[in-house]
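K.L.:
So here's final_18.cif (mmCIF, C-alpha atoms).
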data_work
loop_
_atom_site.label_atom_id
_atom_site.label_comp_id
_atom_site.auth_asym_id
_atom_site.auth_seq_id
_atom_site.Cartn_x
_atom_site.Cartn_y
_atom_site.Cartn_z
CA MET V 12 46.10 -51.32 81.64
CA ALA V 13 48.00 -48.36 80.34
CA PRO V 14 47.78 -45.21 82.47
CA GLU V 15 45.04 -42.91 81.22
CA HIS V 16 46.33 -39.50 82.18
CA ARG V 17 44.95 -37.16 79.53
CA SER V 18 42.72 -34.26 80.47
CA PHE V 19 40.07 -32.59 78.36
CA ALA V 20 37.66 -29.83 79.34
CA PRO V 21 34.34 -30.15 77.48
CA HIS V 22 32.60 -26.86 76.77
CA PRO V 23 29.27 -27.64 75.01
CA THR V 24 26.00 -26.70 76.67
CA ARG V 25 25.17 -28.93 79.59
CA ARG V 26 22.01 -31.00 79.37
CA ARG V 27 20.13 -31.23 82.64
CA LEU V 28 19.09 -34.82 83.18
CA LEU V 29 17.33 -36.78 85.87
CA THR V 30 19.26 -39.35 87.86
CA ALA V 31 18.75 -43.04 88.15
CA GLY V 32 18.67 -43.80 91.85
CA ALA V 33 21.98 -44.95 93.25
CA ALA V 34 21.80 -48.35 94.89
CA THR V 35 24.00 -50.13 97.35
CA ALA V 36 25.28 -53.62 96.69
CA GLY V 37 27.28 -55.40 99.36
CA ALA V 38 30.44 -57.16 98.31
CA VAL V 39 29.93 -60.92 98.06
CA LEU V 40 32.86 -63.15 97.15
CA VAL V 41 31.81 -66.39 95.50
CA GLY V 42 33.35 -69.01 93.29
CA SER V 43 36.92 -69.97 92.44
CA ALA V 44 38.59 -70.63 89.12
CA GLY V 45 42.25 -71.41 89.69
CA THR V 46 44.49 -74.26 88.61
CA PRO V 47 46.93 -76.10 90.89
CA ALA V 48 49.96 -74.66 89.09
CA ALA V 49 48.53 -71.16 89.11
CA ALA V 50 47.54 -71.41 92.75
CA ALA V 51 51.08 -72.42 93.60
CA GLY V 52 52.27 -69.18 92.04
CA LYS V 53 54.29 -70.90 89.31
CA ILE V 54 52.56 -69.34 86.31
CA ARG V 55 49.92 -66.82 85.40
CA PRO V 56 47.06 -68.73 83.82
CA ALA V 57 46.37 -68.19 80.12
CA VAL V 58 42.68 -68.97 80.70
CA ILE V 59 40.65 -67.59 83.60
CA HIS V 60 37.29 -69.27 84.04
CA LEU V 61 34.29 -67.14 85.00
CA PRO V 62 31.05 -68.31 86.59
CA ASN V 63 28.71 -70.16 84.24
CA GLY V 64 26.15 -67.81 82.72
CA PHE V 65 28.13 -64.68 83.64
CA ARG V 66 28.13 -63.11 80.13
CA PRO V 67 31.23 -60.83 80.33
CA GLU V 68 31.78 -57.82 78.08
CA GLY V 69 34.04 -55.21 79.69
CA ILE V 70 37.33 -55.65 81.53
CA ALA V 71 39.48 -53.27 83.57
CA VAL V 72 42.86 -53.81 85.24
CA GLY V 73 44.40 -51.41 87.74
CA GLY V 74 47.89 -51.21 89.17
CA GLY V 75 47.55 -54.51 91.02
CA PRO V 76 47.14 -58.02 89.64
CA TYR V 77 43.34 -57.94 89.52
CA ALA V 78 40.95 -57.77 86.60
CA TYR V 79 37.37 -56.56 86.97
CA LEU V 80 34.68 -57.82 84.62
CA GLY V 81 31.06 -56.82 84.22
CA SER V 82 28.08 -59.04 83.44
CA LEU V 83 25.75 -58.28 80.53
CA GLY V 84 23.15 -60.28 82.43
CA ASP V 85 22.57 -58.78 85.87
CA GLY V 86 25.42 -56.25 85.92
CA SER V 87 27.45 -57.97 88.65
CA ILE V 88 31.16 -57.16 88.92
CA TYR V 89 33.61 -60.07 89.13
CA ARG V 90 37.20 -59.71 90.33
CA ALA V 91 39.80 -62.19 89.08
CA ASP V 92 43.32 -62.60 90.45
CA LEU V 93 45.59 -62.65 87.39
CA ARG V 94 48.24 -64.61 89.31
CA THR V 95 46.04 -67.56 90.21
CA GLY V 96 42.86 -67.32 88.13
CA GLU V 97 40.77 -67.33 91.30
CA GLY V 98 38.01 -64.80 91.81
CA GLY V 99 34.51 -63.95 92.82
CA ILE V 100 31.69 -61.42 92.73
CA VAL V 101 32.62 -58.17 94.50
CA SER V 102 29.46 -56.22 93.63
CA THR V 103 26.10 -57.84 93.05
CA GLY V 104 24.46 -56.38 89.98
CA PRO V 105 21.38 -54.14 90.00
CA GLY V 106 19.71 -56.33 87.38
CA THR V 107 20.78 -54.14 84.44
CA PRO V 108 23.81 -54.70 82.16
CA SER V 109 27.41 -53.77 82.74
CA VAL V 110 29.19 -53.12 79.44
CA GLY V 111 32.44 -51.08 79.20
CA LEU V 112 34.48 -50.57 82.39
CA LYS V 113 37.33 -48.34 83.54
CA LEU V 114 39.02 -48.29 86.95
CA ASP V 115 40.53 -45.20 88.55
CA HIS V 116 43.30 -45.07 91.16
CA ARG V 117 40.72 -44.56 93.92
CA GLY V 118 39.28 -48.02 93.35
CA ARG V 119 36.18 -46.67 91.63
CA LEU V 120 34.86 -48.55 88.63
CA PHE V 121 33.07 -46.47 85.99
CA VAL V 122 30.50 -48.64 84.23
CA ALA V 123 28.65 -48.08 80.96
CA GLY V 124 25.18 -49.46 81.51
CA ARG V 125 23.70 -49.82 78.02
CA GLY V 126 20.19 -48.24 78.04
CA GLN V 127 20.41 -47.39 81.74
CA GLY V 128 23.23 -44.85 81.38
CA ALA V 129 26.21 -45.13 83.72
CA ARG V 130 27.12 -45.90 87.30
CA VAL V 131 30.18 -45.79 89.54
CA VAL V 132 31.02 -48.75 91.80
CA ASP V 133 33.35 -48.88 94.79
CA THR V 134 35.35 -52.07 94.18
CA ARG V 135 36.28 -52.37 97.85
CA THR V 136 32.75 -52.38 99.24
CA GLY V 137 30.60 -53.21 96.20
CA GLU V 138 28.56 -50.05 96.80
CA ILE V 139 27.12 -48.18 93.84
CA LEU V 140 28.37 -44.65 94.54
CA ALA V 141 26.38 -42.86 91.84
CA SER V 142 24.12 -43.50 88.86
CA TYR V 143 23.60 -41.27 85.84
CA VAL V 144 21.06 -40.99 83.06
CA LEU V 145 23.29 -39.95 80.18
CA THR V 146 20.54 -39.01 77.73
CA THR V 147 16.78 -39.01 77.32
CA ALA V 148 17.10 -39.73 73.58
CA THR V 149 15.92 -43.10 72.33
CA PRO V 150 17.26 -45.54 71.46
CA THR V 151 20.42 -45.28 73.52
CA PHE V 152 23.25 -47.71 74.26
CA ALA V 153 26.02 -46.54 76.62
CA ASN V 154 28.74 -48.90 75.43
CA ASP V 155 32.25 -47.94 76.55
CA VAL V 156 34.04 -45.51 78.86
CA PHE V 157 37.42 -43.76 78.99
CA LEU V 158 38.85 -41.86 81.97
CA THR V 159 40.98 -38.75 82.21
CA PRO V 160 41.80 -37.02 85.52
CA ARG V 161 38.90 -34.58 85.05
CA THR V 162 36.39 -36.43 82.84
CA ALA V 163 34.72 -39.78 82.33
CA TRP V 164 33.78 -40.15 78.65
CA PHE V 165 31.05 -42.52 77.46
CA THR V 166 30.15 -43.64 73.94
CA ASP V 167 26.58 -44.16 72.73
CA SER V 168 26.29 -46.82 70.05
CA TYR V 169 22.80 -45.70 68.98
CA GLN V 170 23.20 -41.90 69.08
CA PRO V 171 25.85 -39.67 67.37
CA ALA V 172 27.09 -38.37 70.71
CA LEU V 173 29.63 -38.71 73.50
CA TYR V 174 28.72 -38.02 77.12
CA ALA V 175 31.13 -36.44 79.60
CA LEU V 176 30.93 -36.65 83.37
CA PRO V 177 33.12 -33.78 84.65
CA LEU V 178 35.09 -34.83 87.74
CA GLY V 179 36.10 -32.48 90.51
CA ARG V 180 39.62 -31.30 91.16
CA HIS V 181 40.10 -34.11 93.65
CA GLY V 182 38.06 -36.65 91.71
CA GLU V 183 34.68 -35.68 93.15
CA LEU V 184 31.79 -37.23 91.24
CA PRO V 185 29.46 -34.78 89.47
CA ASP V 186 25.84 -34.14 90.28
CA PRO V 187 23.34 -36.16 88.23
CA ASP V 188 22.33 -33.11 86.18
CA ASP V 189 25.91 -32.23 85.18
CA VAL V 190 26.16 -34.62 82.22
CA VAL V 191 27.66 -32.92 79.16
CA THR V 192 26.57 -34.05 75.68
CA ILE V 193 28.97 -33.64 72.75
CA THR V 194 27.36 -34.22 69.35
CA LEU V 195 29.57 -36.01 66.81
CA SER V 196 29.96 -34.22 63.46
CA GLY V 197 32.53 -33.75 60.70
CA ASP V 198 33.35 -37.10 59.08
CA TRP V 199 30.93 -38.93 61.36
CA SER V 200 27.98 -40.48 59.50
CA GLN V 201 25.59 -42.19 61.89
CA VAL V 202 23.92 -45.42 60.77
CA PRO V 203 20.33 -45.01 62.05
CA GLY V 204 18.44 -47.36 64.32
CA GLU V 205 19.73 -49.98 66.70
CA VAL V 206 23.00 -50.50 64.83
CA VAL V 207 26.30 -50.38 66.72
CA ASN V 208 28.08 -47.15 65.77
CA ALA V 209 30.39 -45.58 68.38
CA ASN V 210 31.98 -48.28 70.47
CA GLY V 211 35.50 -48.34 71.95
CA ILE V 212 37.11 -45.08 73.07
CA THR V 213 40.58 -43.92 74.12
CA SER V 214 42.81 -40.88 73.57
CA THR V 215 45.42 -39.99 70.99
CA PRO V 216 49.02 -40.63 72.14
CA ASP V 217 49.62 -36.92 72.77
CA GLY V 218 46.30 -36.47 74.57
CA SER V 219 45.08 -33.79 72.18
CA ALA V 220 41.94 -35.64 71.09
CA LEU V 221 39.85 -38.76 71.54
CA LEU V 222 39.75 -41.85 69.34
CA VAL V 223 36.46 -43.68 68.74
CA VAL V 224 35.89 -46.77 66.63
CA GLN V 225 32.65 -46.98 64.63
CA SER V 226 31.85 -50.67 64.62
CA GLY V 227 29.29 -51.00 61.84
CA VAL V 228 31.41 -49.30 59.18
CA GLY V 229 34.81 -50.31 60.57
CA GLY V 230 36.19 -46.77 60.82
CA LEU V 231 38.45 -45.13 63.40
CA HIS V 232 37.70 -41.46 64.17
CA ARG V 233 39.76 -38.75 65.81
CA VAL V 234 37.35 -36.60 67.84
CA ASP V 235 37.87 -33.04 69.05
CA PRO V 236 36.58 -33.34 72.64
CA ARG V 237 35.50 -29.69 72.76
CA THR V 238 33.49 -29.55 69.54
CA GLY V 239 32.68 -33.16 68.62
CA VAL V 240 34.10 -32.66 65.12
CA THR V 241 35.58 -35.91 63.87
CA LYS V 242 38.12 -36.86 61.22
CA VAL V 243 38.68 -40.38 59.95
CA VAL V 244 42.13 -41.60 61.00
CA ASP V 245 44.32 -42.42 57.99
CA LEU V 246 45.36 -46.06 58.48
CA GLY V 247 46.80 -46.46 54.99
CA ASP V 248 45.76 -49.59 53.19
CA ALA V 249 44.75 -51.45 56.37
CA ALA V 250 41.53 -53.44 56.15
CA PRO V 251 38.40 -51.88 57.70
CA LEU V 252 38.07 -52.42 61.43
CA THR V 253 34.99 -54.58 60.98
CA ASN V 254 33.18 -55.16 64.27
CA GLY V 255 35.74 -52.93 65.98
CA ASP V 256 35.06 -53.01 69.71
CA GLY V 257 37.40 -52.19 72.59
CA LEU V 258 40.42 -49.91 72.13
CA LEU V 259 43.60 -50.08 74.19
CA LEU V 260 46.39 -47.50 73.84
CA THR V 261 49.88 -48.11 75.25
CA GLY V 262 52.30 -45.36 74.26
CA ARG V 263 51.78 -45.00 70.52
CA THR V 264 50.57 -48.57 70.06
CA LEU V 265 46.85 -48.99 69.53
CA TYR V 266 45.16 -52.37 69.96
CA VAL V 267 41.76 -52.64 68.24
CA VAL V 268 39.70 -55.67 69.28
CA GLN V 269 37.42 -56.93 66.50
CA ASN V 270 34.94 -59.14 68.25
CA ARG V 271 33.39 -61.45 65.65
CA GLN V 272 36.66 -61.51 63.72
CA ASN V 273 38.27 -63.08 66.81
CA ALA V 274 41.24 -60.80 66.25
CA ILE V 275 43.18 -57.80 67.52
CA ASP V 276 44.69 -55.43 64.95
CA VAL V 277 47.75 -53.51 66.18
CA PHE V 278 48.69 -50.06 64.85
CA ARG V 279 51.53 -47.60 65.39
CA LEU V 280 49.94 -44.16 65.61
CA ALA V 281 51.24 -40.68 64.96
CA ALA V 282 51.46 -38.70 68.18
CA ASP V 283 48.40 -36.61 67.29
CA GLY V 284 46.42 -39.68 66.22
CA ARG V 285 45.69 -38.39 62.73
CA SER V 286 47.34 -41.38 61.05
CA GLY V 287 48.64 -44.82 61.81
CA ALA V 288 50.34 -47.83 60.29
CA PHE V 289 49.22 -51.43 60.60
CA GLN V 290 51.75 -53.55 62.51
CA ARG V 291 50.30 -57.01 62.96
CA ARG V 292 47.20 -59.06 63.80
CA ILE V 293 46.89 -61.09 67.01
CA THR V 294 44.65 -64.16 66.99
CA ASP V 295 44.27 -67.19 69.21
CA PRO V 296 42.30 -70.42 68.77
CA LEU V 297 40.74 -69.83 72.19
CA PHE V 298 39.16 -66.51 71.17
CA ASP V 299 35.36 -66.77 71.11
CA VAL V 300 34.12 -63.26 70.27
CA PRO V 301 36.42 -61.24 72.56
CA THR V 302 35.10 -57.73 73.08
CA THR V 303 37.89 -55.68 74.59
CA ALA V 304 41.34 -55.90 76.16
CA ALA V 305 43.25 -54.80 79.23
CA ALA V 306 47.02 -55.07 79.71
CA TYR V 307 49.07 -56.28 82.65
CA ARG V 308 52.82 -57.05 82.69
CA GLY V 309 53.26 -57.65 78.99
CA ARG V 310 50.07 -59.61 78.41
CA LEU V 311 46.62 -58.77 77.11
CA TYR V 312 43.49 -60.06 78.83
CA LEU V 313 40.32 -60.42 76.77
CA PRO V 314 36.86 -61.58 77.90
CA ASN V 315 35.17 -64.06 75.57
CA ALA V 316 31.65 -62.66 75.20
CA ARG V 317 30.56 -65.59 72.99
CA PHE V 318 27.91 -63.55 71.16
CA THR V 319 27.43 -66.37 68.64
CA THR V 320 26.43 -68.76 71.44
CA THR V 321 22.92 -68.58 72.94
CA PRO V 322 23.40 -67.63 76.59
CA THR V 323 21.98 -69.94 79.25
CA PRO V 324 22.63 -70.22 83.00
CA ASP V 325 25.05 -73.06 82.20
CA THR V 326 26.97 -71.39 79.35
CA THR V 327 30.68 -71.27 80.14
CA TYR V 328 32.69 -68.05 79.88
CA ASP V 329 36.34 -67.18 80.35
CA VAL V 330 39.10 -64.61 79.92
CA ILE V 331 41.94 -65.36 77.49
CA SER V 332 45.47 -64.05 78.00
CA VAL V 333 47.90 -63.55 75.11
CA PRO V 334 51.30 -61.83 74.83
CA ALA V 335 51.03 -58.14 74.00
#
Kindly present the structure from the file in structure tokens form.

P.N.:
Amino acid sequence: MAPEHRSFAPHPTRRRLLTAGAATAGAVLVGSAGTPAAAAGKIRPAVIHLPNGFRPEGIAVGGGPYAYLGSLGDGSIYRADLRTGEGGIVSTGPGTPSVGLKLDHRGRLFVAGRGQGARVVDTRTGEILASYVLTTATPTFANDVFLTPRTAWFTDSYQPALYALPLGRHGELPDPDDVVTITLSGDWSQVPGEVVNANGITSTPDGSALLVVQSGVGGLHRVDPRTGVTKVVDLGDAAPLTNGDGLLLTGRTLYVVQNRQNAIDVFRLAADGRSGAFQRRITDPLFDVPTTAAAYRGRLYLPNARFTTTPTPDTTYDVISVPA
């Protein structure tokens, strides 16, 4: 996906929190999902099949031709080869969900873990390097994550807050009690209860602020990362971003995945992210509640979460690729 090279330094008071114990999960490669043509290297498959019952939500793509997906079921991490469609489990889940994912250049996958907080997984070994309790507030739903060189930012869909994990100068992971809480204010109006509010997160094109989509009301907010003060982004007469989920920024182009709409709305943003203009809508008949998107070589890859289908161990899941 697009390089995420912005850097913010959060200053609010740190909240000392207990850690969730870090576990170790050995890498286990299972399953295959290629096609003869893809395996022969002739094409990149437009559909990548995942294991039955996997329940994908987040996706991350690094510099190489591999996508990483997390399971809402047991939290396992699946790696798919975008050239062939083949793949397998590289980290067995801890039994708790994996939601939003981001991959850094060290091969570490930062995982939003719904009510369990966050964890960091080594994609080469499958080991869970660290686990974090992001908040003691209830209810809580760590939904998505965005990386800068010095901070991992997490959204909470049930609380009006962002959580920052400050990274060391050389990428060192923080101590469990170093979580920083930034309370959302300004234009932000939290819908109470277990309603999805803050969801996808990225930065403005110039890196001066964060962008967060508020799913339930379909709004896009520009967030000052130092104060938490938000301002609704002026998108002109564009329709509300109903069920807005994952955000993907490439240059000044913002892709907003709207899960139950089975659509991606594309905007051209001002450099500071204060305004934007609707460009087009991307749909595909194979979309079945896609939740987020990652980009690789001119194509978008979206996991079909299939939220309108009752999950069973035999439910089929896949990743759909469309031109960016």

K.L.:
Name the residues, using the chain letters and numbers of the file, that sit within 12 Å of (35.3, -64.6, 90.6) when counting only C-alpha atoms, and give them as an MDAnalysis selection string.

P.N.:
chainID V and resid 38:45 59:63 65 67 77:82 87:93 95:103 328:330

K.L.:
Residues picked by the PyMOL selection byres ((chain V and resi 177) around 10) here, as an MDAnalysis selection string?

P.N.:
chainID V and resid 19:21 159:164 174:176 178:180 182:186 189:191

K.L.:
Using all atoms listed in the file, which of the listed residues (V:Pro322, V:Gly104, V:Pro314, V:Gly218) sits closest to V:Phe298?

P.N.:
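Once distances to V:Phe298 are computed over all atoms listed in the file, the minimum belongs to V:Pro314.
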
K.L.:
Using all atoms listed in the file, can you list as a list in words the residues within 8 Å of (31.4, -68.5, 74.9)?

P.N.:
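Protein, DNA and RNA residues close to (31.4, -68.5, 74.9): Asp299, Val300, Asn315, Ala316, Arg317, Phe318, Thr319, Thr320, Thr326, Thr327, Tyr328 and Asp329 of chain V.
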
K.L.:
Within 9 Å of V:Val207, counting only C-alpha atoms, which residues qualify if same-chain residues fewer than 6 places away don't, as a ChimeraX atom specification?

P.N.:
/V:152,167-169,225-227,254

K.L.:
To one decimal place in Å, what is the distance between atom CA of V:Arg66 and atom CA of V:Thr302?

P.N.:
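Between these atoms lies a distance of 11.3 Å.
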
K.L.:
For V:Ile193, which of V:Thr213, V:Asn270, V:Thr264, V:Thr166 is the closest residue, counting only C-alpha atoms?

P.N.:
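Using only C-alpha atoms, V:Ile193 sits closest to V:Thr166.
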
K.L.:
Could you add N, CA, C and O atoms to stretch 152-167 of chain V and give me the result as an mmCIF file, in the frame of the given file?

P.N.:
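Saved as out.cif:
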data_model
loop_
_atom_site.group_PDB
_atom_site.id
_atom_site.type_symbol
_atom_site.label_atom_id
_atom_site.label_comp_id
_atom_site.auth_asym_id
_atom_site.auth_seq_id
_atom_site.Cartn_x
_atom_site.Cartn_y
_atom_site.Cartn_z
ATOM 1 N N PHE V 152 22.457 -46.538 73.887
ATOM 2 C CA PHE V 152 23.250 -47.710 74.260
ATOM 3 C C PHE V 152 24.607 -47.211 74.737
ATOM 4 O O PHE V 152 25.530 -47.041 73.945
ATOM 5 N N ALA V 153 24.734 -46.919 76.044
ATOM 6 C CA ALA V 153 26.020 -46.540 76.620
ATOM 7 C C ALA V 153 26.929 -47.761 76.581
ATOM 8 O O ALA V 153 26.686 -48.742 77.286
ATOM 9 N N ASN V 154 27.982 -47.689 75.746
ATOM 10 C CA ASN V 154 28.740 -48.900 75.430
ATOM 11 C C ASN V 154 30.106 -48.955 76.093
ATOM 12 O O ASN V 154 30.477 -49.962 76.679
ATOM 13 N N ASP V 155 30.889 -47.876 76.015
ATOM 14 C CA ASP V 155 32.250 -47.940 76.550
ATOM 15 C C ASP V 155 32.566 -46.641 77.262
ATOM 16 O O ASP V 155 31.857 -45.630 77.117
ATOM 17 N N VAL V 156 33.676 -46.651 78.031
ATOM 18 C CA VAL V 156 34.040 -45.510 78.860
ATOM 19 C C VAL V 156 35.555 -45.355 78.848
ATOM 20 O O VAL V 156 36.287 -46.341 78.754
ATOM 21 N N PHE V 157 35.999 -44.093 78.924
ATOM 22 C CA PHE V 157 37.420 -43.760 78.990
ATOM 23 C C PHE V 157 37.599 -42.677 80.040
ATOM 24 O O PHE V 157 36.801 -41.726 80.118
ATOM 25 N N LEU V 158 38.633 -42.794 80.866
ATOM 26 C CA LEU V 158 38.850 -41.860 81.970
ATOM 27 C C LEU V 158 40.051 -40.960 81.717
ATOM 28 O O LEU V 158 41.101 -41.400 81.249
ATOM 29 N N THR V 159 39.880 -39.677 82.042
ATOM 30 C CA THR V 159 40.980 -38.750 82.210
ATOM 31 C C THR V 159 40.885 -38.233 83.650
ATOM 32 O O THR V 159 39.907 -38.501 84.344
ATOM 33 N N PRO V 160 41.887 -37.493 84.144
ATOM 34 C CA PRO V 160 41.800 -37.020 85.520
ATOM 35 C C PRO V 160 40.562 -36.170 85.814
ATOM 36 O O PRO V 160 40.093 -36.119 86.946
ATOM 37 N N ARG V 161 40.002 -35.492 84.799
ATOM 38 C CA ARG V 161 38.900 -34.580 85.050
ATOM 39 C C ARG V 161 37.592 -34.973 84.357
ATOM 40 O O ARG V 161 36.591 -34.271 84.503
ATOM 41 N N THR V 162 37.588 -36.081 83.594
ATOM 42 C CA THR V 162 36.390 -36.430 82.840
ATOM 43 C C THR V 162 36.272 -37.925 82.653
ATOM 44 O O THR V 162 37.272 -38.608 82.415
ATOM 45 N N ALA V 163 35.040 -38.427 82.766
ATOM 46 C CA ALA V 163 34.720 -39.780 82.330
ATOM 47 C C ALA V 163 33.903 -39.662 81.058
ATOM 48 O O ALA V 163 32.844 -39.016 81.044
ATOM 49 N N TRP V 164 34.401 -40.249 79.973
ATOM 50 C CA TRP V 164 33.780 -40.150 78.650
ATOM 51 C C TRP V 164 33.057 -41.451 78.312
ATOM 52 O O TRP V 164 33.619 -42.535 78.472
ATOM 53 N N PHE V 165 31.834 -41.345 77.818
ATOM 54 C CA PHE V 165 31.050 -42.520 77.460
ATOM 55 C C PHE V 165 30.615 -42.435 75.996
ATOM 56 O O PHE V 165 30.223 -41.357 75.517
ATOM 57 N N THR V 166 30.683 -43.569 75.296
ATOM 58 C CA THR V 166 30.150 -43.640 73.940
ATOM 59 C C THR V 166 28.697 -44.100 73.970
ATOM 60 O O THR V 166 28.265 -44.785 74.899
ATOM 61 N N ASP V 167 27.955 -43.710 72.928
ATOM 62 C CA ASP V 167 26.580 -44.160 72.730
ATOM 63 C C ASP V 167 26.514 -44.809 71.349
ATOM 64 O O ASP V 167 26.696 -44.144 70.334
#
